[in-house]
Amino acid sequence: MSSTQKIETPLRDRILAEPDLILDDRDLMHALIAANERAMGSNIVDLRGLAMERLESRLDRLEDTHRSVIAAAYENLAGTNQVHRAVLAMLDPVTFEDFLANLGSEVSQILRVDCLRLVLETRQSAEEPAIKRLSNVLSSAEEGFVRDYLTMGRGGQTRQVTLRQIQSGDSRVHGDKYADIRSEACLRLNFGAGRLPGMLVMGAEDPHQFTPQQGADLLEFFAGVFERTMRRWLA
């Protein structure tokens, strides 16, 4: 007859009084299952143990998915609030020059971009004085420049919002900061019938701030508000 070693009385009484302490401890449950498998020998397959392992694996995946969904929801909410604040700040100025100057200061700070500039196509060869005064946020380009820039010279259809990583920016688009820009969000602008298009470009030194895999819904909304605001100034 073999004898089994008993657990010390205080510990045994504690376990009997509160068995949930063991049931809720994953490491202890794994140890008990492993001990049970060793006791049964190598010729016996414990289907209950296999089922528990699969259920635990599925639970881990569900928990990871749950955390990812919550994180994405918080990020989307933060992005929505950020764009709404930028829109409100954009609507504050009462003159066109203040409107443009505000883009390069308060609006760009709210959006947390390193460069925010407006590119307007023009048929005139010389820059107007207003464009020169606001060269830090405004630049002009020849007709057809926006399409060529968005398609990288390949032609074809353009989306309202283009998100991409770049090796280096363009001085006509990003101004003095062009050499440090590594990603950009290009918002194609339609100012109405009879007017040449424009482009609002957000540039970032972080190559991962704007990538093609990101959603563009909020930036499409921002572009729509910007278009309508510009149409009022151009009327």
# chains A, B, ... in the order shown; residues from 1 in each chain; ligands from 1
$ residues_around --residues "Asp180 of chain A" --least-positions-apart "6" --cutoff "10 Å" --atoms "only C-alpha atoms" --output "number ranges by chain"
A: 114-115, 167-169, 174, 203-206
$ select_by_dssp --residues "segment 141-186 of chain A" --states "strand (DSSP E)" --output "JSON, numbers by chain"
{"A": [141, 161, 162, 163, 164, 165, 183, 184, 185, 186]}
$ closest_atom_pairs --of "segment 60-113 of chain A" --to "segment 133-153 of chain A" --cutoff "8 Å" --atoms "only C-alpha atoms" --output "tab-separated table"
residue	atom	partner	partner_atom	distance
A:Glu97	CA	A:Leu134	CA	7.8
A:Leu100	CA	A:Val137	CA	6.8
A:Ala101	CA	A:Val137	CA	6.9
A:Leu103	CA	A:Val137	CA	7.2
A:Gly104	CA	A:Val137	CA	5.6
$ write_last_selection --atoms "N, CA, C and O atoms" --output "mmCIF file, in the first residue's frame"
data_model
loop_
_atom_site.group_PDB
_atom_site.id
_atom_site.type_symbol
_atom_site.label_atom_id
_atom_site.label_comp_id
_atom_site.auth_asym_id
_atom_site.auth_seq_id
_atom_site.Cartn_x
_atom_site.Cartn_y
_atom_site.Cartn_z
ATOM 1 N N GLU A 97 -6.439 86.765 -45.688
ATOM 2 C CA GLU A 97 -5.034 86.624 -45.295
ATOM 3 C C GLU A 97 -4.909 86.005 -43.908
ATOM 4 O O GLU A 97 -4.030 85.173 -43.661
ATOM 5 N N LEU A 100 -5.514 82.239 -44.231
ATOM 6 C CA LEU A 100 -4.359 81.494 -44.716
ATOM 7 C C LEU A 100 -3.258 81.431 -43.657
ATOM 8 O O LEU A 100 -2.639 80.383 -43.455
ATOM 9 N N ALA A 101 -3.014 82.557 -42.999
ATOM 10 C CA ALA A 101 -1.974 82.569 -41.971
ATOM 11 C C ALA A 101 -2.312 81.618 -40.841
ATOM 12 O O ALA A 101 -1.424 80.955 -40.259
ATOM 13 N N LEU A 103 -3.793 78.830 -41.090
ATOM 14 C CA LEU A 103 -3.519 77.455 -41.504
ATOM 15 C C LEU A 103 -2.122 77.020 -41.076
ATOM 16 O O LEU A 103 -1.920 75.901 -40.599
ATOM 17 N N GLY A 104 -1.173 77.918 -41.275
ATOM 18 C CA GLY A 104 0.208 77.572 -40.965
ATOM 19 C C GLY A 104 0.562 77.656 -39.501
ATOM 20 O O GLY A 104 1.672 77.270 -39.119
#
$ atom_distance --atom1 "atom CA of Arg85 of chain A" --atom2 "atom CA of Val225 of chain A"
12.5 Å
